[in-house]
Amino acid sequence: MFKKLTQNIIECLGPKQFLEKILQLGGPRLLLVGDRVFSLEKDVCVVGFGKATMEMFKPLKQLLGDKISKSFLSVPHSGAVDLLVGHDASCKVVRAAKNNLPDDNTLDITRQIVDHVTTLKEGDLCICLISGVIIQVVALRCFATLSYPFPTSLTPFGSWCQNQLQYNS
């Protein structure tokens, strides 16, 4: 009985169940996320990375369907890949982070995700599905399935990151 109760609690707290609770359509052109409203009149792009990406993408794809014009999902080598999603021409699913560690392949995949997002135009909606734990590798904070070095002195964000790294050291 305790095992069944524990399993039910974990299922209720899962990313799929969470998204199913907070995502709703507000008519054919609006996405409601909690108390926020987003227009679906232009392109909708989804990017995701981490172990639970596929599990989060399923209810989103089920809700939005063809409104999603393109998606790029990075999952760990050990993660499950829904074959139906993999056959969707608008959805690119790649495996990253062999042994759950960032590597050259992960860096290349992250560049592809950045390129994917930079094609968006004003008014487009980009939904980011992020799961996992941030790890620290030689003063570089990253996700195992999304790793990209940043120019610490060239941008205000880079300066902020550099300050955070020094503060947390």
# chains A, B, ... in the order shown; residues from 1 in each chain; ligands from 1
>>> select_by_dssp(residues="stretch 17-118 of chain A", states="helix (DSSP H, G or I)", output="VMD selection string")
chain A and resid 17 to 22 53 to 67 83 to 86 98 to 100 104 to 118
>>> write_last_selection(atoms="N, CA and C atoms", output="compact mmCIF listing (two decimals), in the first residue's frame")
# COMPACT_ATOMS: atom_id res chain seq x y z
N GLN A 17 2.19 15.74 -15.71
CA GLN A 17 0.98 16.08 -14.97
C GLN A 17 0.95 17.57 -14.63
N PHE A 18 2.11 18.12 -14.29
CA PHE A 18 2.20 19.54 -13.97
C PHE A 18 1.79 20.39 -15.17
N LEU A 19 2.35 20.06 -16.35
CA LEU A 19 2.02 20.83 -17.55
C LEU A 19 0.56 20.67 -17.93
N GLU A 20 0.02 19.47 -17.78
CA GLU A 20 -1.39 19.26 -18.09
C GLU A 20 -2.29 20.14 -17.21
N LYS A 21 -1.84 20.41 -15.98
CA LYS A 21 -2.64 21.24 -15.06
C LYS A 21 -2.54 22.73 -15.39
N ILE A 22 -1.36 23.20 -15.82
CA ILE A 22 -1.21 24.65 -15.99
C ILE A 22 -1.41 25.15 -17.42
N THR A 53 12.41 16.11 -20.83
CA THR A 53 11.97 16.90 -21.99
C THR A 53 10.87 16.20 -22.78
N MET A 54 11.06 14.93 -23.08
CA MET A 54 10.05 14.22 -23.88
C MET A 54 8.73 14.15 -23.12
N GLU A 55 8.81 13.89 -21.82
CA GLU A 55 7.60 13.80 -21.01
C GLU A 55 6.86 15.14 -20.96
N MET A 56 7.60 16.25 -20.98
CA MET A 56 6.97 17.57 -20.98
C MET A 56 6.44 17.94 -22.36
N PHE A 57 7.14 17.48 -23.40
CA PHE A 57 6.75 17.84 -24.75
C PHE A 57 5.41 17.21 -25.16
N LYS A 58 5.17 15.99 -24.70
CA LYS A 58 3.95 15.27 -25.11
C LYS A 58 2.66 16.03 -24.83
N PRO A 59 2.41 16.51 -23.60
CA PRO A 59 1.15 17.24 -23.38
C PRO A 59 1.12 18.56 -24.13
N LEU A 60 2.28 19.18 -24.32
CA LEU A 60 2.33 20.43 -25.08
C LEU A 60 1.96 20.18 -26.53
N LYS A 61 2.53 19.13 -27.12
CA LYS A 61 2.23 18.77 -28.51
C LYS A 61 0.77 18.35 -28.65
N GLN A 62 0.26 17.64 -27.66
CA GLN A 62 -1.14 17.21 -27.70
C GLN A 62 -2.07 18.42 -27.65
N LEU A 63 -1.72 19.42 -26.86
CA LEU A 63 -2.55 20.61 -26.72
C LEU A 63 -2.44 21.52 -27.93
N LEU A 64 -1.22 21.76 -28.42
CA LEU A 64 -1.02 22.74 -29.48
C LEU A 64 -1.01 22.15 -30.88
N GLY A 65 -0.67 20.87 -31.00
CA GLY A 65 -0.69 20.20 -32.30
C GLY A 65 0.09 20.94 -33.37
N ASP A 66 -0.57 21.25 -34.49
CA ASP A 66 0.09 21.89 -35.63
C ASP A 66 0.45 23.35 -35.39
N LYS A 67 0.02 23.93 -34.27
CA LYS A 67 0.41 25.30 -33.96
C LYS A 67 1.92 25.38 -33.69
N LEU A 83 9.02 7.61 -30.18
CA LEU A 83 9.22 7.43 -31.61
C LEU A 83 8.20 8.20 -32.44
N LEU A 84 7.00 8.40 -31.93
CA LEU A 84 6.00 9.16 -32.68
C LEU A 84 6.44 10.61 -32.82
N VAL A 85 7.00 11.17 -31.76
CA VAL A 85 7.51 12.54 -31.83
C VAL A 85 8.69 12.60 -32.79
N GLY A 86 9.53 11.59 -32.75
CA GLY A 86 10.69 11.55 -33.62
C GLY A 86 10.36 11.52 -35.09
N LYS A 98 26.48 12.10 -23.38
CA LYS A 98 26.80 10.70 -23.13
C LYS A 98 27.41 10.60 -21.73
N ASN A 99 27.01 9.61 -20.98
CA ASN A 99 27.42 9.44 -19.58
C ASN A 99 26.98 10.61 -18.71
N ASN A 100 25.95 11.34 -19.18
CA ASN A 100 25.38 12.47 -18.44
C ASN A 100 26.40 13.57 -18.16
N ASP A 104 31.75 17.49 -26.60
CA ASP A 104 31.76 18.25 -27.84
C ASP A 104 30.45 18.14 -28.60
N ASN A 105 29.86 16.95 -28.58
CA ASN A 105 28.57 16.75 -29.24
C ASN A 105 27.50 17.64 -28.60
N THR A 106 27.52 17.75 -27.28
CA THR A 106 26.55 18.59 -26.58
C THR A 106 26.74 20.05 -26.96
N LEU A 107 27.99 20.49 -27.08
CA LEU A 107 28.28 21.85 -27.49
C LEU A 107 27.72 22.12 -28.88
N ASP A 108 27.92 21.17 -29.81
CA ASP A 108 27.39 21.31 -31.16
C ASP A 108 25.86 21.37 -31.14
N ILE A 109 25.23 20.52 -30.35
CA ILE A 109 23.77 20.51 -30.24
C ILE A 109 23.27 21.83 -29.67
N THR A 110 23.97 22.36 -28.68
CA THR A 110 23.58 23.64 -28.10
C THR A 110 23.67 24.75 -29.14
N ARG A 111 24.71 24.73 -29.95
CA ARG A 111 24.81 25.71 -31.04
C ARG A 111 23.61 25.58 -31.99
N GLN A 112 23.21 24.35 -32.27
CA GLN A 112 22.05 24.15 -33.14
C GLN A 112 20.78 24.72 -32.51
N ILE A 113 20.64 24.54 -31.20
CA ILE A 113 19.47 25.09 -30.50
C ILE A 113 19.50 26.61 -30.58
N VAL A 114 20.66 27.21 -30.34
CA VAL A 114 20.79 28.68 -30.44
C VAL A 114 20.43 29.12 -31.85
N ASP A 115 20.96 28.45 -32.87
CA ASP A 115 20.63 28.78 -34.26
C ASP A 115 19.14 28.65 -34.51
N HIS A 116 18.55 27.62 -33.96
CA HIS A 116 17.12 27.34 -34.10
C HIS A 116 16.30 28.51 -33.56
N VAL A 117 16.68 29.01 -32.40
CA VAL A 117 15.94 30.08 -31.74
C VAL A 117 16.18 31.43 -32.43
N THR A 118 17.36 31.64 -32.98
CA THR A 118 17.66 32.94 -33.58
C THR A 118 16.90 33.16 -34.89
>>> select_by_dssp(residues="stretch 45-136 of chain A", states="strand (DSSP E)", output="number ranges by chain")
A: 45-49, 68-76, 91-96, 125-130, 135-136
>>> write_last_selection(atoms="N, CA and C atoms", output="PDB file, in the first residue's frame")
ATOM      1  N   CYS A  45       7.603  28.003 -31.434  1.00  0.00           N
ATOM      2  CA  CYS A  45       8.805  27.183 -31.446  1.00  0.00           C
ATOM      3  C   CYS A  45       8.969  26.582 -30.052  1.00  0.00           C
ATOM      4  N   VAL A  46       9.372  25.331 -29.990  1.00  0.00           N
ATOM      5  CA  VAL A  46       9.631  24.693 -28.697  1.00  0.00           C
ATOM      6  C   VAL A  46      11.070  24.202 -28.701  1.00  0.00           C
ATOM      7  N   VAL A  47      11.810  24.562 -27.664  1.00  0.00           N
ATOM      8  CA  VAL A  47      13.129  23.983 -27.455  1.00  0.00           C
ATOM      9  C   VAL A  47      13.124  23.351 -26.072  1.00  0.00           C
ATOM     10  N   GLY A  48      13.823  22.260 -25.952  1.00  0.00           N
ATOM     11  CA  GLY A  48      13.845  21.591 -24.663  1.00  0.00           C
ATOM     12  C   GLY A  48      15.120  20.817 -24.478  1.00  0.00           C
ATOM     13  N   PHE A  49      15.505  20.672 -23.217  1.00  0.00           N
ATOM     14  CA  PHE A  49      16.678  19.876 -22.908  1.00  0.00           C
ATOM     15  C   PHE A  49      16.555  19.328 -21.504  1.00  0.00           C
ATOM     16  N   ILE A  68       2.512  24.249 -33.300  1.00  0.00           N
ATOM     17  CA  ILE A  68       3.961  24.205 -33.112  1.00  0.00           C
ATOM     18  C   ILE A  68       4.589  24.083 -34.494  1.00  0.00           C
ATOM     19  N   SER A  69       5.276  25.143 -34.925  1.00  0.00           N
ATOM     20  CA  SER A  69       5.861  25.135 -36.261  1.00  0.00           C
ATOM     21  C   SER A  69       7.195  24.398 -36.306  1.00  0.00           C
ATOM     22  N   LYS A  70       7.936  24.432 -35.189  1.00  0.00           N
ATOM     23  CA  LYS A  70       9.197  23.700 -35.136  1.00  0.00           C
ATOM     24  C   LYS A  70       9.583  23.483 -33.686  1.00  0.00           C
ATOM     25  N   SER A  71      10.325  22.393 -33.459  1.00  0.00           N
ATOM     26  CA  SER A  71      10.797  22.105 -32.113  1.00  0.00           C
ATOM     27  C   SER A  71      12.142  21.397 -32.203  1.00  0.00           C
ATOM     28  N   PHE A  72      12.938  21.624 -31.179  1.00  0.00           N
ATOM     29  CA  PHE A  72      14.265  21.038 -31.104  1.00  0.00           C
ATOM     30  C   PHE A  72      14.456  20.568 -29.670  1.00  0.00           C
ATOM     31  N   LEU A  73      14.578  19.261 -29.484  1.00  0.00           N
ATOM     32  CA  LEU A  73      14.658  18.677 -28.154  1.00  0.00           C
ATOM     33  C   LEU A  73      15.960  17.916 -27.990  1.00  0.00           C
ATOM     34  N   SER A  74      16.676  18.224 -26.919  1.00  0.00           N
ATOM     35  CA  SER A  74      17.934  17.550 -26.598  1.00  0.00           C
ATOM     36  C   SER A  74      17.705  16.694 -25.366  1.00  0.00           C
ATOM     37  N   VAL A  75      17.874  15.395 -25.529  1.00  0.00           N
ATOM     38  CA  VAL A  75      17.652  14.457 -24.423  1.00  0.00           C
ATOM     39  C   VAL A  75      18.948  13.702 -24.151  1.00  0.00           C
ATOM     40  N   PRO A  76      19.125  13.238 -22.915  1.00  0.00           N
ATOM     41  CA  PRO A  76      20.333  12.460 -22.616  1.00  0.00           C
ATOM     42  C   PRO A  76      20.351  11.144 -23.392  1.00  0.00           C
ATOM     43  N   CYS A  91       9.709  18.351 -35.661  1.00  0.00           N
ATOM     44  CA  CYS A  91      10.344  18.111 -34.364  1.00  0.00           C
ATOM     45  C   CYS A  91      11.679  17.396 -34.546  1.00  0.00           C
ATOM     46  N   LYS A  92      12.741  18.038 -34.116  1.00  0.00           N
ATOM     47  CA  LYS A  92      14.063  17.413 -34.168  1.00  0.00           C
ATOM     48  C   LYS A  92      14.416  16.971 -32.754  1.00  0.00           C
ATOM     49  N   VAL A  93      14.709  15.688 -32.593  1.00  0.00           N
ATOM     50  CA  VAL A  93      15.103  15.136 -31.299  1.00  0.00           C
ATOM     51  C   VAL A  93      16.521  14.601 -31.444  1.00  0.00           C
ATOM     52  N   VAL A  94      17.412  15.066 -30.560  1.00  0.00           N
ATOM     53  CA  VAL A  94      18.798  14.617 -30.598  1.00  0.00           C
ATOM     54  C   VAL A  94      19.207  14.118 -29.216  1.00  0.00           C
ATOM     55  N   ARG A  95      20.191  13.253 -29.213  1.00  0.00           N
ATOM     56  CA  ARG A  95      20.715  12.725 -27.949  1.00  0.00           C
ATOM     57  C   ARG A  95      22.032  13.430 -27.629  1.00  0.00           C
ATOM     58  N   ALA A  96      22.144  13.862 -26.384  1.00  0.00           N
ATOM     59  CA  ALA A  96      23.338  14.578 -25.943  1.00  0.00           C
ATOM     60  C   ALA A  96      23.815  14.002 -24.617  1.00  0.00           C
ATOM     61  N   LEU A 125       6.425  32.895 -30.581  1.00  0.00           N
ATOM     62  CA  LEU A 125       6.449  32.394 -29.215  1.00  0.00           C
ATOM     63  C   LEU A 125       7.452  31.250 -29.130  1.00  0.00           C
ATOM     64  N   CYS A 126       8.376  31.335 -28.185  1.00  0.00           N
ATOM     65  CA  CYS A 126       9.340  30.259 -27.948  1.00  0.00           C
ATOM     66  C   CYS A 126       9.070  29.683 -26.565  1.00  0.00           C
ATOM     67  N   ILE A 127       8.734  28.418 -26.527  1.00  0.00           N
ATOM     68  CA  ILE A 127       8.471  27.723 -25.267  1.00  0.00           C
ATOM     69  C   ILE A 127       9.697  26.870 -24.955  1.00  0.00           C
ATOM     70  N   CYS A 128      10.268  27.077 -23.776  1.00  0.00           N
ATOM     71  CA  CYS A 128      11.469  26.334 -23.362  1.00  0.00           C
ATOM     72  C   CYS A 128      11.103  25.310 -22.300  1.00  0.00           C
ATOM     73  N   LEU A 129      11.406  24.062 -22.577  1.00  0.00           N
ATOM     74  CA  LEU A 129      11.183  22.971 -21.636  1.00  0.00           C
ATOM     75  C   LEU A 129      12.531  22.595 -21.047  1.00  0.00           C
ATOM     76  N   ILE A 130      12.701  22.837 -19.761  1.00  0.00           N
ATOM     77  CA  ILE A 130      13.995  22.622 -19.123  1.00  0.00           C
ATOM     78  C   ILE A 130      13.816  21.685 -17.948  1.00  0.00           C
ATOM     79  N   ILE A 135      25.019  21.559 -13.309  1.00  0.00           N
ATOM     80  CA  ILE A 135      26.271  21.043 -12.778  1.00  0.00           C
ATOM     81  C   ILE A 135      27.363  22.089 -12.994  1.00  0.00           C
ATOM     82  N   GLN A 136      28.427  21.997 -12.248  1.00  0.00           N
ATOM     83  CA  GLN A 136      29.534  22.931 -12.382  1.00  0.00           C
ATOM     84  C   GLN A 136      30.759  22.156 -12.831  1.00  0.00           C
TER      85      GLN A 136
END
>>> atom_distance(atom1="atom CA of A:Lys121", atom2="atom CA of A:Arg29")
17.5 Å
>>> atom_distance(atom1="atom CA of A:Ser39", atom2="atom CA of A:Gly26")
9.5 Å
>>> atom_distance(atom1="atom CA of A:Asp124", atom2="atom CA of A:Leu40")
8.0 Å
